file query28.cif (mmCIF, C-alpha atoms)
data_structure
loop_
_atom_site.label_atom_id
_atom_site.label_comp_id
_atom_site.auth_asym_id
_atom_site.auth_seq_id
_atom_site.Cartn_x
_atom_site.Cartn_y
_atom_site.Cartn_z
CA MET A 1 93.64 101.49 105.06
CA SER A 2 95.79 101.64 101.99
CA ASN A 3 98.84 103.85 102.12
CA ILE A 4 98.12 105.53 98.79
CA PHE A 5 95.04 107.06 100.44
CA LEU A 6 96.97 109.09 103.03
CA LYS A 7 99.82 109.85 100.68
CA ARG A 8 97.56 111.14 97.98
CA LEU A 9 95.27 113.18 100.26
CA THR A 10 98.22 114.70 102.11
CA LYS A 11 99.66 115.84 98.77
CA GLU A 12 96.33 117.18 97.57
CA LEU A 13 95.71 119.09 100.79
CA ARG A 14 99.18 120.62 100.78
CA ASP A 15 98.85 121.60 97.14
CA MET A 16 95.40 123.15 97.57
CA LYS A 17 96.53 125.14 100.59
CA ALA A 18 99.69 126.37 98.84
CA ASN A 19 98.08 127.15 95.46
CA PRO A 20 94.33 127.35 95.89
CA PRO A 21 92.55 127.58 92.51
CA ALA A 22 90.42 130.74 92.11
CA GLY A 23 87.17 130.51 94.06
CA ILE A 24 88.15 127.38 95.99
CA SER A 25 89.33 127.22 99.59
CA ILE A 26 89.68 124.44 102.14
CA GLU A 27 87.74 125.30 105.27
CA ASN A 28 88.45 122.18 107.22
CA ALA A 29 90.00 118.73 106.88
CA ASP A 30 89.78 116.00 109.55
CA ASP A 31 93.00 114.81 111.16
CA ASN A 32 92.62 111.44 109.43
CA LEU A 33 91.73 113.30 106.19
CA ASN A 34 88.43 111.39 105.75
CA LYS A 35 86.22 114.45 105.58
CA TRP A 36 86.94 117.84 104.08
CA THR A 37 84.83 120.96 103.86
CA VAL A 38 85.56 123.13 100.85
CA LYS A 39 84.21 126.64 100.22
CA LEU A 40 83.28 127.59 96.67
CA ASP A 41 82.94 131.26 95.71
CA ALA A 42 80.87 131.60 92.54
CA ALA A 43 82.65 133.45 89.73
CA GLU A 44 81.97 137.12 88.95
CA GLY A 45 79.76 137.71 85.92
CA THR A 46 77.71 134.52 86.52
CA ILE A 47 74.18 134.30 87.91
CA TYR A 48 75.63 133.10 91.24
CA ALA A 49 78.10 136.03 91.58
CA GLY A 50 78.53 137.05 95.21
CA GLU A 51 77.21 133.70 96.55
CA SER A 52 79.35 131.12 98.24
CA PHE A 53 78.65 127.47 98.97
CA GLN A 54 80.07 124.61 101.03
CA LEU A 55 80.95 121.19 99.70
CA ARG A 56 81.62 118.18 101.89
CA PHE A 57 84.01 115.53 100.58
CA THR A 58 83.98 112.12 102.27
CA PHE A 59 86.77 109.78 101.24
CA GLY A 60 86.37 106.02 101.54
CA ASN A 61 89.52 103.97 102.09
CA LYS A 62 89.58 103.04 98.39
CA TYR A 63 90.09 106.65 97.35
CA PRO A 64 91.44 107.54 94.78
CA LEU A 65 90.53 104.24 93.07
CA GLU A 66 86.94 104.96 94.06
CA SER A 67 85.28 108.35 93.89
CA PRO A 68 84.79 110.48 96.99
CA GLU A 69 81.25 111.27 98.12
CA VAL A 70 80.65 114.93 97.35
CA VAL A 71 77.58 116.87 98.53
CA PHE A 72 76.66 120.47 99.20
CA ILE A 73 76.05 121.20 102.88
CA GLY A 74 74.22 124.27 104.15
CA LYS A 75 72.21 125.94 101.43
CA PRO A 76 73.00 124.37 98.04
CA PRO A 77 72.97 126.48 94.88
CA VAL A 78 69.68 126.45 92.98
CA HIS A 79 70.74 124.66 89.80
CA PRO A 80 69.09 122.14 87.44
CA HIS A 81 71.67 119.47 88.35
CA ILE A 82 71.83 120.10 92.09
CA TYR A 83 69.10 118.70 94.33
CA SER A 84 67.87 120.62 97.36
CA ASN A 85 69.31 117.89 99.65
CA GLY A 86 72.78 118.77 98.37
CA HIS A 87 73.21 115.82 95.98
CA ILE A 88 74.92 116.67 92.70
CA CYS A 89 74.17 115.02 89.36
CA LEU A 90 77.64 115.05 87.80
CA SER A 91 78.98 111.97 86.03
CA ILE A 92 82.60 112.28 87.19
CA LEU A 93 81.40 111.80 90.78
CA TYR A 94 79.94 108.40 89.94
CA ASP A 95 80.30 106.24 86.80
CA GLN A 96 82.93 108.38 85.19
CA TRP A 97 85.20 108.90 88.16
CA SER A 98 88.85 108.63 87.16
CA PRO A 99 91.53 107.96 89.78
CA ALA A 100 93.54 110.70 88.04
CA LEU A 101 90.96 113.30 89.14
CA THR A 102 91.56 115.30 92.30
CA VAL A 103 89.58 117.32 94.84
CA SER A 104 90.68 120.42 93.02
CA ALA A 105 89.54 119.07 89.61
CA VAL A 106 86.15 118.10 91.08
CA CYS A 107 85.71 121.58 92.62
CA LEU A 108 86.62 123.23 89.30
CA SER A 109 84.07 121.04 87.49
CA ILE A 110 81.36 122.02 89.94
CA LEU A 111 82.29 125.72 89.71
CA SER A 112 82.16 125.53 85.92
CA MET A 113 78.77 123.80 86.14
CA LEU A 114 77.59 126.84 88.12
CA SER A 115 79.24 129.34 85.77
CA SER A 116 77.62 127.90 82.64
CA CYS A 117 74.13 127.93 84.12
CA ALA A 118 71.73 130.58 82.75
CA LEU A 119 68.70 130.08 84.98
CA LYS A 120 68.41 129.27 88.67
CA GLU A 121 65.96 126.41 88.84
CA LEU A 122 65.76 123.12 90.69
CA PRO A 123 66.00 119.78 88.86
CA PRO A 124 62.54 118.90 87.48
CA ASP A 125 62.36 115.77 89.66
CA ASN A 126 63.69 117.45 92.79
CA ALA A 127 60.72 116.72 95.05
CA SER A 128 60.51 113.01 94.22
CA TYR A 129 64.28 112.52 94.24
CA VAL A 130 64.77 114.13 97.64
CA LEU A 131 62.00 111.94 99.07
CA ARG A 132 63.48 108.65 97.87
CA ALA A 133 67.23 109.39 97.92
CA GLY A 134 69.39 107.77 100.59
CA ALA A 135 71.94 109.70 102.62
CA SER A 136 74.74 109.15 100.09
CA PRO A 137 74.34 110.15 96.44
CA LYS A 138 76.75 107.31 95.59
CA ASN A 139 73.87 104.88 96.22
CA THR A 140 71.71 106.58 93.61
CA THR A 141 71.54 105.14 90.09
CA TRP A 142 72.16 108.28 88.07
CA ALA A 143 71.14 108.92 84.48
CA PHE A 144 73.23 111.58 82.81
CA HIS A 145 71.43 113.07 79.86
CA ASP A 146 72.42 116.68 79.63
CA ASP A 147 75.96 117.98 79.56
CA THR A 148 75.04 121.45 78.35
CA VAL A 149 73.97 123.12 81.59
CA MET B 1 54.07 88.34 94.71
CA ASP B 2 53.64 85.26 92.60
CA ILE B 3 52.66 86.03 89.06
CA GLU B 4 52.76 83.18 86.60
CA LYS B 5 54.69 84.01 83.50
CA LYS B 6 54.38 82.63 80.05
CA ALA B 7 57.57 80.98 78.91
CA ASP B 8 58.30 83.70 76.36
CA GLU B 9 57.56 86.59 78.70
CA ARG B 10 60.44 88.94 79.44
CA PRO B 11 61.52 89.07 83.10
CA SER B 12 60.81 92.38 84.85
CA ASP B 13 63.54 95.01 85.28
CA THR B 14 63.59 94.31 89.01
CA GLU B 15 64.13 90.62 88.33
CA ILE B 16 66.95 91.37 85.90
CA LEU B 17 68.61 93.71 88.40
CA ALA B 18 68.29 91.12 91.18
CA TYR B 19 69.79 88.44 88.92
CA GLU B 20 72.67 90.72 87.91
CA LYS B 21 73.31 91.48 91.57
CA THR B 22 73.56 87.76 92.43
CA LEU B 23 75.87 87.17 89.50
CA ARG B 24 78.06 90.10 90.41
CA ALA B 25 78.35 88.96 94.04
CA GLU B 26 79.40 85.53 92.80
CA PHE B 27 82.01 87.02 90.45
CA LEU B 28 83.41 89.31 93.13
CA ALA B 29 83.90 86.42 95.53
CA ALA B 30 86.38 84.79 93.11
CA PRO B 31 90.11 85.46 93.53
CA LEU B 32 91.50 88.45 91.57
CA VAL B 33 94.03 86.14 89.94
CA GLY B 34 93.37 82.42 90.32
CA ALA B 35 95.86 79.55 90.44
CA SER B 36 97.17 77.99 87.26
CA THR B 37 94.92 75.01 86.49
CA GLY B 38 93.81 72.67 83.75
CA PHE B 39 90.70 73.23 81.66
CA GLY B 40 88.27 71.04 83.61
CA ALA B 41 86.49 73.85 85.47
CA LEU B 42 86.25 76.00 82.35
CA LEU B 43 84.90 73.08 80.34
CA ALA B 44 82.28 72.41 83.02
CA GLU B 45 80.88 75.94 82.57
CA PHE B 46 79.43 74.93 79.20
CA HIS B 47 77.05 72.18 78.15
CA GLU B 48 78.44 69.45 76.03
CA GLY B 49 77.58 70.06 72.41
CA ASN B 50 77.61 73.84 72.97
CA ILE B 51 79.98 75.71 70.61
CA PHE B 52 81.90 77.16 73.60
CA HIS B 53 82.37 73.67 75.01
CA LYS B 54 83.76 72.53 71.67
CA LYS B 55 86.17 75.47 71.49
CA VAL B 56 87.43 74.96 75.06
CA GLN B 57 88.16 71.37 74.09
CA GLN B 58 90.10 72.58 71.08
CA LEU B 59 91.97 75.04 73.28
CA SER B 60 92.84 72.40 75.87
CA GLY B 61 94.47 70.41 73.08
CA LYS B 62 96.82 73.31 72.35
CA ALA B 63 97.30 74.98 75.72
CA VAL B 64 99.01 73.65 78.82
CA ALA B 65 97.25 75.66 81.51
CA PHE B 66 94.61 78.22 82.34
CA ARG B 67 94.49 80.98 84.97
CA ALA B 68 91.13 82.53 85.82
CA ILE B 69 90.90 86.27 86.42
CA ARG B 70 88.09 87.88 88.44
CA LYS B 71 85.16 89.07 86.34
CA ASP B 72 85.04 92.66 87.54
CA GLY B 73 85.48 94.66 84.33
CA ASN B 74 89.22 95.07 85.00
CA CYS B 75 90.10 91.58 83.78
CA PHE B 76 91.94 92.55 80.61
CA TYR B 77 94.46 94.83 82.37
CA ARG B 78 94.84 92.45 85.30
CA ALA B 79 95.36 89.43 83.05
CA LEU B 80 97.76 91.24 80.77
CA CYS B 81 99.87 92.65 83.57
CA PHE B 82 100.08 89.37 85.47
CA ALA B 83 101.07 87.56 82.27
CA LEU B 84 103.64 90.27 81.55
CA CYS B 85 105.22 90.17 85.03
CA GLU B 86 105.26 86.38 84.95
CA ALA B 87 106.98 86.40 81.54
CA LEU B 88 109.54 88.88 82.90
CA LEU B 89 110.40 86.37 85.62
CA ASN B 90 110.52 83.44 83.20
CA PHE B 91 112.66 85.36 80.72
CA GLN B 92 114.84 86.95 83.38
CA GLY B 93 118.14 88.27 82.02
CA THR B 94 117.06 88.29 78.37
CA GLU B 95 117.20 91.29 76.09
CA TRP B 96 113.41 91.14 75.83
CA ALA B 97 113.01 91.50 79.61
CA LYS B 98 115.41 94.42 79.63
CA ARG B 99 113.59 96.25 76.83
CA VAL B 100 110.14 95.63 78.28
CA ARG B 101 111.28 96.99 81.64
CA GLU B 102 112.55 100.09 79.87
CA ARG B 103 109.21 100.55 78.13
CA VAL B 104 107.32 100.17 81.39
CA LEU B 105 109.58 102.68 83.12
CA ASP B 106 109.25 105.07 80.16
CA SER B 107 105.48 104.91 80.41
CA ARG B 108 105.72 107.49 83.20
CA LYS B 109 107.07 109.98 80.70
CA ILE B 110 104.28 109.13 78.27
CA LEU B 111 101.75 109.98 80.96
CA ILE B 112 103.39 113.37 81.48
CA SER B 113 103.35 114.05 77.71
CA ALA B 114 99.65 113.20 77.69
CA GLY B 115 99.05 115.83 80.37
CA TYR B 116 98.83 113.72 83.54
CA ASP B 117 100.34 115.17 86.69
CA PRO B 118 103.21 112.92 87.86
CA ILE B 119 102.53 113.98 91.45
CA ILE B 120 99.27 112.07 91.10
CA THR B 121 100.20 109.26 88.71
CA ASP B 122 103.56 108.22 90.21
CA ASP B 123 101.65 106.79 93.19
CA PHE B 124 99.85 104.49 90.77
CA PHE B 125 103.13 103.42 89.18
CA GLU B 126 104.82 102.26 92.38
CA PRO B 127 103.28 98.76 92.73
CA LEU B 128 103.92 98.02 89.05
CA GLY B 129 107.48 99.27 89.41
CA GLU B 130 107.96 96.76 92.23
CA ALA B 131 106.27 93.92 90.33
CA ILE B 132 108.63 94.22 87.35
CA ALA B 133 111.77 94.30 89.51
CA GLU B 134 114.36 91.60 88.78
CA THR B 135 114.34 90.59 92.42
CA TYR B 136 110.66 89.63 92.31
CA SER B 137 109.51 86.02 92.52
CA ILE B 138 106.39 84.22 91.36
CA GLU B 139 105.30 83.85 95.01
CA LYS B 140 105.58 87.59 95.58
CA LEU B 141 103.82 88.29 92.30
CA THR B 142 100.85 86.05 93.14
CA GLU B 143 100.65 87.54 96.62
CA ALA B 144 100.76 91.11 95.29
CA PHE B 145 98.06 90.52 92.69
CA GLU B 146 95.81 88.96 95.33
CA LYS B 147 95.81 92.18 97.41
CA ASP B 148 93.09 94.26 95.87
CA TYR B 149 94.80 97.54 96.71
CA ILE B 150 97.99 96.59 94.86
CA SER B 151 96.25 94.74 92.05
CA ASP B 152 93.75 97.55 91.43
CA THR B 153 96.43 100.23 91.55
CA ILE B 154 98.29 98.39 88.79
CA VAL B 155 95.07 98.15 86.76
CA CYS B 156 94.51 101.86 87.28
CA TYR B 157 98.02 102.69 86.10
CA LEU B 158 97.62 100.60 82.93
CA ARG B 159 94.31 102.33 82.23
CA LEU B 160 96.13 105.66 82.32
CA VAL B 161 98.89 104.33 80.04
CA THR B 162 96.19 103.18 77.60
CA ALA B 163 94.55 106.61 77.79
CA ALA B 164 97.88 108.35 77.19
CA GLU B 165 98.65 106.11 74.20
CA LEU B 166 95.23 106.90 72.69
CA LYS B 167 95.69 110.64 73.24
CA LEU B 168 99.24 110.84 71.93
CA ASN B 169 98.58 108.74 68.81
CA ARG B 170 94.99 109.76 68.24
CA ASP B 171 95.35 109.54 64.43
CA LEU B 172 95.79 105.81 64.75
CA TYR B 173 92.76 105.24 66.91
CA GLU B 174 90.18 107.92 66.17
CA ALA B 175 88.61 106.10 63.23
CA PHE B 176 87.63 103.24 65.53
CA ILE B 177 85.80 105.30 68.14
CA LEU B 178 84.29 108.26 66.32
CA ASP B 179 81.05 106.45 65.52
CA SER B 180 80.33 106.03 69.24
CA HIS B 181 82.17 108.97 70.85
CA PRO B 182 82.69 112.55 69.61
CA THR B 183 86.37 112.72 70.63
CA ILE B 184 89.19 110.55 71.95
CA GLU B 185 88.91 112.46 75.24
CA ASP B 186 85.24 111.53 75.54
CA PHE B 187 86.07 107.88 74.78
CA ILE B 188 88.81 107.93 77.43
CA SER B 189 86.61 109.41 80.14
CA HIS B 190 83.83 106.89 79.45
CA GLN B 191 85.66 103.73 78.35
CA VAL B 192 89.24 103.83 79.63
CA GLU B 193 89.84 105.80 82.83
CA PRO B 194 86.96 104.61 85.04
CA MET B 195 87.71 101.38 86.93
CA GLY B 196 85.51 98.38 86.18
CA ILE B 197 84.82 99.36 82.57
CA GLU B 198 85.45 96.48 80.18
CA SER B 199 88.06 96.59 77.43
CA ASP B 200 87.73 96.10 73.73
CA GLN B 201 90.04 95.44 70.80
CA ILE B 202 91.17 99.09 70.73
CA HIS B 203 92.36 98.90 74.36
CA ILE B 204 94.37 95.76 73.58
CA VAL B 205 95.97 97.35 70.53
CA ALA B 206 96.83 100.46 72.57
CA MET B 207 98.41 98.38 75.36
CA SER B 208 100.39 96.32 72.87
CA ASN B 209 101.68 99.50 71.21
CA ALA B 210 102.48 101.24 74.49
CA LEU B 211 104.34 98.32 76.07
CA GLY B 212 105.83 96.86 72.87
CA VAL B 213 104.54 93.38 73.64
CA THR B 214 102.80 90.87 71.40
CA ILE B 215 99.43 89.78 72.71
CA ASN B 216 97.79 86.63 71.40
CA VAL B 217 94.10 86.33 72.12
CA ALA B 218 92.38 82.94 71.89
CA ASN B 219 88.97 84.00 70.69
CA LEU B 220 86.28 81.96 72.38
CA ASP B 221 83.28 83.55 70.70
CA GLY B 222 79.94 82.03 69.77
CA SER B 223 80.68 81.83 66.05
CA ASP B 224 80.26 78.48 64.42
CA ALA B 225 83.88 78.16 63.30
CA ASP B 226 86.91 76.57 64.89
CA LEU B 227 88.67 78.33 67.75
CA ASN B 228 90.73 81.17 66.28
CA PHE B 229 93.53 83.36 67.59
CA HIS B 230 94.12 87.11 67.20
CA ASP B 231 97.74 88.06 67.21
CA ILE B 232 98.24 91.70 68.18
CA THR B 233 101.73 92.93 67.49
CA PRO B 234 103.03 96.38 68.44
CA MET B 235 103.44 99.03 65.72
CA MET B 236 106.65 100.13 67.44
CA PRO B 237 108.25 96.82 68.39
CA LEU B 238 111.01 96.55 70.96
CA GLU B 239 114.49 96.89 69.55
CA LEU B 240 115.67 93.31 69.77
CA GLU B 241 118.55 91.53 68.10
CA ASN B 242 116.46 88.42 67.75
CA PRO B 243 112.82 89.52 67.66
CA LYS B 244 111.60 86.00 66.82
CA SER B 245 112.52 84.66 70.23
CA GLN B 246 110.39 87.05 72.27
CA PRO B 247 107.58 85.69 74.44
CA VAL B 248 103.95 86.24 73.54
CA LEU B 249 101.35 87.05 76.21
CA ASN B 250 98.42 84.68 75.72
CA LEU B 251 94.94 85.62 76.82
CA LEU B 252 91.65 83.83 76.49
CA TYR B 253 88.70 85.94 75.41
CA ARG B 254 85.09 85.02 75.84
CA PRO B 255 82.32 87.59 75.47
CA GLY B 256 82.84 90.21 78.18
CA HIS B 257 85.87 88.58 79.80
CA TYR B 258 89.60 87.84 79.62
CA ASP B 259 91.62 85.14 81.39
CA ILE B 260 95.21 83.95 80.97
CA VAL B 261 96.15 80.83 79.02
CA TYR B 262 99.53 79.19 78.63
CA LEU B 263 100.23 77.81 75.18
#

call {"tool": "encode", "arguments": {"input": "query28.cif", "output": "structure tokens"}}
result
Amino acid sequence: MSNIFLKRLTKELRDMKANPPAGISIENADDNLNKWTVKLDAAEGTIYAGESFQLRFTFGNKYPLESPEVVFIGKPPVHPHIYSNGHICLSILYDQWSPALTVSAVCLSILSMLSSCALKELPPDNASYVLRAGASPKNTTWAFHDDTV
Amino acid sequence: MDIEKKADERPSDTEILAYEKTLRAEFLAAPLVGASTGFGALLAEFHEGNIFHKKVQQLSGKAVAFRAIRKDGNCFYRALCFALCEALLNFQGTEWAKRVRERVLDSRKILISAGYDPIITDDFFEPLGEAIAETYSIEKLTEAFEKDYISDTIVCYLRLVTAAELKLNRDLYEAFILDSHPTIEDFISHQVEPMGIESDQIHIVAMSNALGVTINVANLDGSDADLNFHDITPMMPLELENPKSQPVLNLLYRPGHYDIVYL
């Protein structure tokens, strides 16, 4: 395993515990830092106000050069870009991952995706996607067509 | 399933995907940075009589050696950085080497000005910082670039330097991207920061400007002319007493790919 992996995740974990961004808290991180569970509290004044959700981050040994796998566990939010199996259609998690992004930046992106949503509905292709999708959303070929929701 | 196809029929999407997958696997099995060789293998990639074949022949008349870089979408940054580090070793002790090192070290400040968090980006700088050290050797350099973790971290860092250069001097670059992307930021998040995304002229110009180095690209395109060269010189050149004596980093371009050549 590359040393940047541990160095980077150690820094990120310390930083997020010391200065957690609003609505984001680390619930658990494995001793080897491969898997984290992060709690998201939806912002007040949004259609998800009062709800909270759990994200699971899984880091491969090429993190941060490669994106982490990020899925909702438990009950995912009902949102046009979030499938009922927890997979999230968000370009920065796949094709547009940048090694300069962090766990905190990813969480903020997902929170803002929730905040800007006006109607709780599942993605139109939810049923067929969930049937054919593999365990990891990173194996899906995503098409990103709508940045407005 | 065995369906006979007419000669002019387009292959199915599945067939194209399968073919791309085979090609990609082949590309990814090649070394990140190959050994310095002659032009025989490159020449053999093209049929005799083909325009590319003709241009490689022209190139082999002018160049002394060729170094293949893995075709993984990161080739421009990898080729440029290897050529740069190698030139630093060959021009050890010169004013040029000193100034280039300063520029590379200063790039960390440029990243901060562009809004990157040094806590994150300094990790990406480390391997490059080691590779430009005066105590480095060509053996160490080759070894470092062959380790994908080190080699890719350097590529990643240069991508961020390119992004920072584009952001900080957006007036220079915007005109070239606005027909395909709404903002420089959008261009950066699609075409610069992600690993494995190929580079274009604008990336080369940005790298040349950021590092202060002259990049000469042998242009192996399909046009029916003789082999031509694109000389990309920095807008803010290094402050040198004798600018004429500085080395040029020579790359070979063919559609979708960059390698190193030695002229």

call {"tool": "resolve_selection", "arguments": {"input": "query28.cif", "expression": "the PyMOL selection byres ((chain B and resi 96) around 10)", "output": "PyMOL selection string"}}
result
chain B and resi 87-88+91-95+97-102+212-213+238-243+245-247

call {"tool": "atom_distance", "arguments": {"input": "query28.cif", "atom1": "CA of Ile24 (chain A)", "atom2": "CA of Ala43 (chain A)"}}
result
10.3 Å

call {"tool": "interface_residues", "arguments": {"input": "query28.cif", "of": "chain A", "to": "chain B", "cutoff": "7 Å", "atoms": "all atoms listed in the file", "output": "PyMOL selection string"}}
result
chain A and resi 2+4+96-98+100

call {"tool": "write_last_selection", "arguments": {"input": "query28.cif", "atoms": "C-alpha atoms", "output": "compact mmCIF listing (two decimals), in the coordinates of the input"}}
result
# COMPACT_ATOMS: atom_id res chain seq x y z
CA SER A 2 95.79 101.64 101.99
CA ILE A 4 98.12 105.53 98.79
CA GLN A 96 82.93 108.38 85.19
CA TRP A 97 85.20 108.90 88.16
CA SER A 98 88.85 108.63 87.16
CA ALA A 100 93.54 110.70 88.04

call {"tool": "atom_distance", "arguments": {"input": "query28.cif", "atom1": "CA of Leu249 (chain B)", "atom2": "CA of Lys167 (chain B)"}}
result
24.4 Å

call {"tool": "atom_distance", "arguments": {"input": "query28.cif", "atom1": "CA of Tyr262 (chain B)", "atom2": "CA of Ile202 (chain B)"}}
result
23.0 Å

call {"tool": "closest_residue", "arguments": {"input": "query28.cif", "among": "A:Glu66, A:Leu93, A:Pro80, A:Ala127", "to": "Ala105 (chain A)", "atoms": "all atoms listed in the file"}}
result
A:Leu93

call {"tool": "residues_near_point", "arguments": {"input": "query28.cif", "point": "(74.4, 124.3, 86.4)", "cutoff": "12 Å", "atoms": "all atoms listed in the file", "output": "PyMOL selection string"}}
result
chain A and resi 42+46-48+76-83+88-90+109-123+146-149

call {"tool": "write_last_selection", "arguments": {"input": "query28.cif", "atoms": "C-alpha atoms", "output": "CSV table (one decimal), keeping the file's coordinate frame"}}
result
chain,number,residue,atom,x,y,z
A,42,ALA,CA,80.9,131.6,92.5
A,46,THR,CA,77.7,134.5,86.5
A,47,ILE,CA,74.2,134.3,87.9
A,48,TYR,CA,75.6,133.1,91.2
A,76,PRO,CA,73.0,124.4,98.0
A,77,PRO,CA,73.0,126.5,94.9
A,78,VAL,CA,69.7,126.4,93.0
A,79,HIS,CA,70.7,124.7,89.8
A,80,PRO,CA,69.1,122.1,87.4
A,81,HIS,CA,71.7,119.5,88.4
A,82,ILE,CA,71.8,120.1,92.1
A,83,TYR,CA,69.1,118.7,94.3
A,88,ILE,CA,74.9,116.7,92.7
A,89,CYS,CA,74.2,115.0,89.4
A,90,LEU,CA,77.6,115.0,87.8
A,109,SER,CA,84.1,121.0,87.5
A,110,ILE,CA,81.4,122.0,89.9
A,111,LEU,CA,82.3,125.7,89.7
A,112,SER,CA,82.2,125.5,85.9
A,113,MET,CA,78.8,123.8,86.1
A,114,LEU,CA,77.6,126.8,88.1
A,115,SER,CA,79.2,129.3,85.8
A,116,SER,CA,77.6,127.9,82.6
A,117,CYS,CA,74.1,127.9,84.1
A,118,ALA,CA,71.7,130.6,82.8
A,119,LEU,CA,68.7,130.1,85.0
A,120,LYS,CA,68.4,129.3,88.7
A,121,GLU,CA,66.0,126.4,88.8
A,122,LEU,CA,65.8,123.1,90.7
A,123,PRO,CA,66.0,119.8,88.9
A,146,ASP,CA,72.4,116.7,79.6
A,147,ASP,CA,76.0,118.0,79.6
A,148,THR,CA,75.0,121.4,78.4
A,149,VAL,CA,74.0,123.1,81.6

call {"tool": "residues_near_point", "arguments": {"input": "query28.cif", "point": "(98.7, 94.5, 66.7)", "cutoff": "12 Å", "atoms": "all atoms listed in the file", "output": "PyMOL selection string"}}
result
chain B and resi 172+201-217+230-237+248

call {"tool": "resolve_selection", "arguments": {"input": "query28.cif", "expression": "the PyMOL selection byres ((chain B and resi 130) around 12)", "output": "PDB file with C-alpha atoms, in the coordinates of the input"}}
result
ATOM      1  CA  CYS B  85     105.220  90.170  85.030  1.00  0.00           C
ATOM      2  CA  ARG B 101     111.280  96.990  81.640  1.00  0.00           C
ATOM      3  CA  VAL B 104     107.320 100.170  81.390  1.00  0.00           C
ATOM      4  CA  LEU B 105     109.580 102.680  83.120  1.00  0.00           C
ATOM      5  CA  ASP B 123     101.650 106.790  93.190  1.00  0.00           C
ATOM      6  CA  PHE B 124      99.850 104.490  90.770  1.00  0.00           C
ATOM      7  CA  PHE B 125     103.130 103.420  89.180  1.00  0.00           C
ATOM      8  CA  GLU B 126     104.820 102.260  92.380  1.00  0.00           C
ATOM      9  CA  PRO B 127     103.280  98.760  92.730  1.00  0.00           C
ATOM     10  CA  LEU B 128     103.920  98.020  89.050  1.00  0.00           C
ATOM     11  CA  GLY B 129     107.480  99.270  89.410  1.00  0.00           C
ATOM     12  CA  ALA B 131     106.270  93.920  90.330  1.00  0.00           C
ATOM     13  CA  ILE B 132     108.630  94.220  87.350  1.00  0.00           C
ATOM     14  CA  ALA B 133     111.770  94.300  89.510  1.00  0.00           C
ATOM     15  CA  GLU B 134     114.360  91.600  88.780  1.00  0.00           C
ATOM     16  CA  THR B 135     114.340  90.590  92.420  1.00  0.00           C
ATOM     17  CA  TYR B 136     110.660  89.630  92.310  1.00  0.00           C
ATOM     18  CA  SER B 137     109.510  86.020  92.520  1.00  0.00           C
ATOM     19  CA  LYS B 140     105.580  87.590  95.580  1.00  0.00           C
ATOM     20  CA  LEU B 141     103.820  88.290  92.300  1.00  0.00           C
ATOM     21  CA  ALA B 144     100.760  91.110  95.290  1.00  0.00           C
ATOM     22  CA  PHE B 145      98.060  90.520  92.690  1.00  0.00           C
ATOM     23  CA  ILE B 150      97.990  96.590  94.860  1.00  0.00           C
ATOM     24  CA  SER B 151      96.250  94.740  92.050  1.00  0.00           C
ATOM     25  CA  ILE B 154      98.290  98.390  88.790  1.00  0.00           C
TER      26      ILE B 154
END

call {"tool": "closest_residue", "arguments": {"input": "query28.cif", "among": "B:Ile138, B:Ala29, B:Leu80, B:Ile110", "to": "Asp122 (chain B)", "atoms": "all atoms listed in the file"}}
result
B:Ile110

call {"tool": "build_atoms", "arguments": {"input": "query28.cif", "residues": "region 68-77 of chain B", "atoms": "N, CA and C atoms", "output": "PDB file, keeping the file's coordinate frame"}}
result
ATOM      1  N   ALA B  68      92.342  81.713  85.819  1.00  0.00           N
ATOM      2  CA  ALA B  68      91.130  82.530  85.820  1.00  0.00           C
ATOM      3  C   ALA B  68      91.386  83.886  86.477  1.00  0.00           C
ATOM      4  N   ILE B  69      90.808  84.915  85.901  1.00  0.00           N
ATOM      5  CA  ILE B  69      90.900  86.270  86.420  1.00  0.00           C
ATOM      6  C   ILE B  69      89.501  86.695  86.863  1.00  0.00           C
ATOM      7  N   ARG B  70      89.407  87.482  87.936  1.00  0.00           N
ATOM      8  CA  ARG B  70      88.090  87.880  88.440  1.00  0.00           C
ATOM      9  C   ARG B  70      87.309  88.665  87.393  1.00  0.00           C
ATOM     10  N   LYS B  71      86.010  88.389  87.321  1.00  0.00           N
ATOM     11  CA  LYS B  71      85.160  89.070  86.340  1.00  0.00           C
ATOM     12  C   LYS B  71      84.634  90.374  86.940  1.00  0.00           C
ATOM     13  N   ASP B  72      85.462  91.398  86.925  1.00  0.00           N
ATOM     14  CA  ASP B  72      85.040  92.660  87.540  1.00  0.00           C
ATOM     15  C   ASP B  72      85.188  93.848  86.586  1.00  0.00           C
ATOM     16  N   GLY B  73      85.348  93.557  85.296  1.00  0.00           N
ATOM     17  CA  GLY B  73      85.480  94.660  84.330  1.00  0.00           C
ATOM     18  C   GLY B  73      86.915  95.127  84.169  1.00  0.00           C
ATOM     19  N   ASN B  74      87.801  94.690  85.090  1.00  0.00           N
ATOM     20  CA  ASN B  74      89.220  95.070  85.000  1.00  0.00           C
ATOM     21  C   ASN B  74      90.068  93.918  84.483  1.00  0.00           C
ATOM     22  N   CYS B  75      89.402  92.839  84.050  1.00  0.00           N
ATOM     23  CA  CYS B  75      90.100  91.580  83.780  1.00  0.00           C
ATOM     24  C   CYS B  75      91.187  91.704  82.713  1.00  0.00           C
ATOM     25  N   PHE B  76      90.927  92.478  81.659  1.00  0.00           N
ATOM     26  CA  PHE B  76      91.940  92.550  80.610  1.00  0.00           C
ATOM     27  C   PHE B  76      93.271  93.089  81.157  1.00  0.00           C
ATOM     28  N   TYR B  77      93.226  94.221  81.854  1.00  0.00           N
ATOM     29  CA  TYR B  77      94.460  94.830  82.370  1.00  0.00           C
ATOM     30  C   TYR B  77      95.131  93.917  83.399  1.00  0.00           C
TER      31      TYR B  77
END
